[in-house]
>>> print(open('protein34.tsv').read())   # TSV, C-alpha atoms
chain	number	residue	atom	x	y	z
Q	1468	MET	CA	11.67	199.31	64.27
Q	1469	LYS	CA	12.63	196.15	62.40
Q	1470	LEU	CA	13.40	196.46	58.72
Q	1471	TYR	CA	12.75	193.62	56.29
Q	1472	THR	CA	14.34	192.85	52.95
Q	1473	GLN	CA	12.21	192.58	49.85
Q	1474	GLU	CA	12.90	188.84	49.80
Q	1475	GLU	CA	11.66	188.45	53.38
Q	1476	VAL	CA	8.46	190.33	52.56
Q	1477	LEU	CA	7.86	188.24	49.44
Q	1478	ASP	CA	8.49	185.03	51.38
Q	1479	GLU	CA	5.97	186.09	54.00
Q	1480	ILE	CA	3.24	187.42	51.70
Q	1481	VAL	CA	3.59	185.33	48.53
Q	1482	GLY	CA	5.52	182.27	49.66
Q	1483	SER	CA	9.06	180.98	49.56
Q	1484	ILE	CA	10.99	180.47	46.35
Q	1485	GLY	CA	9.99	177.19	44.76
Q	1486	THR	CA	6.45	177.10	46.13
Q	1487	PRO	CA	3.60	177.02	43.61
Q	1488	GLU	CA	2.31	180.37	44.90
Q	1489	ARG	CA	5.68	182.06	44.44
Q	1490	ASP	CA	6.19	180.52	41.00
Q	1491	GLU	CA	2.75	181.75	39.91
Q	1492	PHE	CA	3.46	185.24	41.29
Q	1493	GLU	CA	6.82	185.49	39.52
Q	1494	ALA	CA	5.38	184.21	36.22
Q	1495	ARG	CA	2.54	186.77	36.42
Q	1496	LEU	CA	5.02	189.54	37.26
Q	1497	LYS	CA	7.27	188.59	34.31
Q	1498	LYS	CA	4.26	188.59	31.96
Q	1499	GLU	CA	3.21	192.05	33.16
Q	1500	VAL	CA	6.74	193.45	32.77
Q	1501	ASP	CA	7.03	191.96	29.27
Q	1502	GLU	CA	3.64	193.46	28.30
Q	1503	TYR	CA	4.74	196.83	29.64
Q	1504	PHE	CA	7.88	196.82	27.47
Q	1505	ILE	CA	5.92	195.72	24.40
Q	1506	GLY	CA	3.46	198.56	25.01
Q	1507	GLU	CA	6.34	201.00	25.34
Q	1508	ALA	CA	7.85	199.75	22.07
Q	1509	ILE	CA	4.53	200.28	20.28
Q	1510	LYS	CA	4.18	203.76	21.77
Q	1511	GLU	CA	7.73	204.80	20.87
Q	1512	THR	CA	7.34	203.51	17.31
Q	1513	ARG	CA	4.04	205.36	16.96
Q	1514	LYS	CA	5.55	208.60	18.27
Q	1515	LYS	CA	8.61	208.32	15.99
Q	1516	GLN	CA	6.20	208.16	13.06
Q	1517	GLY	CA	4.34	211.21	14.33
Q	1518	LEU	CA	1.07	209.35	14.75
Q	1519	THR	CA	-1.58	209.92	17.39
Q	1520	GLN	CA	-3.25	207.06	19.21
Q	1521	GLU	CA	-6.36	207.80	17.21
Q	1522	GLN	CA	-4.48	207.51	13.91
Q	1523	LEU	CA	-2.90	204.21	14.92
Q	1524	GLY	CA	-6.31	202.99	16.01
Q	1525	GLU	CA	-7.73	203.84	12.58
Q	1526	ARG	CA	-4.94	201.86	10.91
Q	1527	MET	CA	-5.62	198.90	13.19
Q	1528	GLY	CA	-9.41	199.17	13.02
Q	1529	VAL	CA	-9.77	199.82	16.76
Q	1530	LYS	CA	-10.67	202.76	18.97
Q	1531	LYS	CA	-8.17	205.17	20.54
Q	1532	SER	CA	-8.99	203.78	24.00
Q	1533	TYR	CA	-7.85	200.34	22.86
Q	1534	VAL	CA	-4.52	201.77	21.66
Q	1535	SER	CA	-4.12	203.52	25.01
Q	1536	LYS	CA	-4.68	200.27	26.92
Q	1537	MET	CA	-2.31	198.43	24.62
Q	1538	GLU	CA	0.44	201.04	25.07
Q	1539	SER	CA	0.07	200.86	28.84
Q	1540	GLY	CA	0.73	197.12	28.63
Q	1541	ARG	CA	-2.67	195.82	29.68
Q	1542	ASN	CA	-3.71	192.45	28.27
Q	1543	ILE	CA	-1.71	192.48	25.08
Q	1544	ALA	CA	-2.43	189.43	22.94
Q	1545	TYR	CA	-0.01	188.16	20.29
Q	1546	SER	CA	-2.51	189.00	17.55
Q	1547	THR	CA	-2.74	192.58	18.88
Q	1548	ILE	CA	1.02	192.97	18.84
Q	1549	MET	CA	1.12	191.80	15.23
Q	1550	ARG	CA	-1.70	194.13	14.18
Q	1551	ALA	CA	-0.07	197.12	15.87
Q	1552	PHE	CA	3.39	196.64	14.40
Q	1553	LYS	CA	2.03	195.80	10.95
Q	1554	ALA	CA	-0.11	198.97	11.10
Q	1555	LEU	CA	3.07	200.86	11.99
Q	1556	GLY	CA	4.81	199.38	8.95
Q	1557	VAL	CA	7.34	197.33	10.88
Q	1558	PRO	CA	8.38	194.76	8.24
Q	1559	SER	CA	9.27	191.91	10.60
Q	1560	ALA	CA	9.88	191.02	14.21
Q	1561	SER	CA	11.46	188.15	16.06
Q	1562	LEU	CA	11.28	186.72	19.54
Q	1563	ASP	CA	14.51	185.93	21.39
Q	1564	LEU	CA	14.12	182.56	23.14
Q	1565	GLY	CA	17.56	182.62	24.73
Q	1566	SER	CA	19.39	179.34	24.27
Q	1567	PHE	CA	16.62	178.10	21.95
Q	1568	GLY	CA	17.39	180.84	19.40
Q	1569	ARG	CA	15.18	183.42	17.70
Q	1570	VAL	CA	11.75	182.87	16.18
Q	1571	ALA	CA	10.27	185.08	13.45
Q	1572	LEU	CA	6.87	186.42	14.51
Q	1573	TRP	CA	5.91	187.58	11.01
>>> encode(input="protein34.tsv", output="structure tokens")
Amino acid sequence: MKLYTQEEVLDEIVGSIGTPERDEFEARLKKEVDEYFIGEAIKETRKKQGLTQEQLGERMGVKKSYVSKMESGRNIAYSTIMRAFKALGVPSASLDLGSFGRVALW
């Protein structure tokens, strides 16, 4: 049985590093990972405040199912992130752009 490294599998299935297909795959993967961590941050903040998903949804003006999707990191828009954290009473947030510095989100 031949074993393959993760890199070899990605090269075969998605394409080699530097190809448009691979770049698109890695960008999509990064977006999904970022959305997951944002969802986790929203969930942890909600739990620390002792709120249910339903209660957060009421504060945001959305249904509990929407809060659940948001916390699982599915299709989180910037406006949704702002609404969630504002509803949780988070006074401000910033985005770290690495060498470009930090940008205030609100």
>>> atom_distance(input="protein34.tsv", atom1="atom CA of Q:Thr1472", atom2="atom CA of Q:Lys1498")
23.7 Å
>>> closest_residue(input="protein34.tsv", among="Q:Asp1478, Q:Thr1512, Q:Gly1528, Q:Gly1540", to="Q:Val1557", atoms="all atoms listed in the file")
Q:Thr1512
>>> closest_residue(input="protein34.tsv", among="Q:Lys1536, Q:Lys1469, Q:Leu1572, Q:Thr1547", to="Q:Ser1559", atoms="all atoms listed in the file")
Q:Leu1572
>>> residues_around(input="protein34.tsv", residues="Q:Val1500", least_positions_apart="4", cutoff="12 Å", atoms="only C-alpha atoms", output="count of residues only")
13
>>> atom_distance(input="protein34.tsv", atom1="atom CA of Q:Glu1488", atom2="atom CA of Q:Gln1473")
16.5 Å
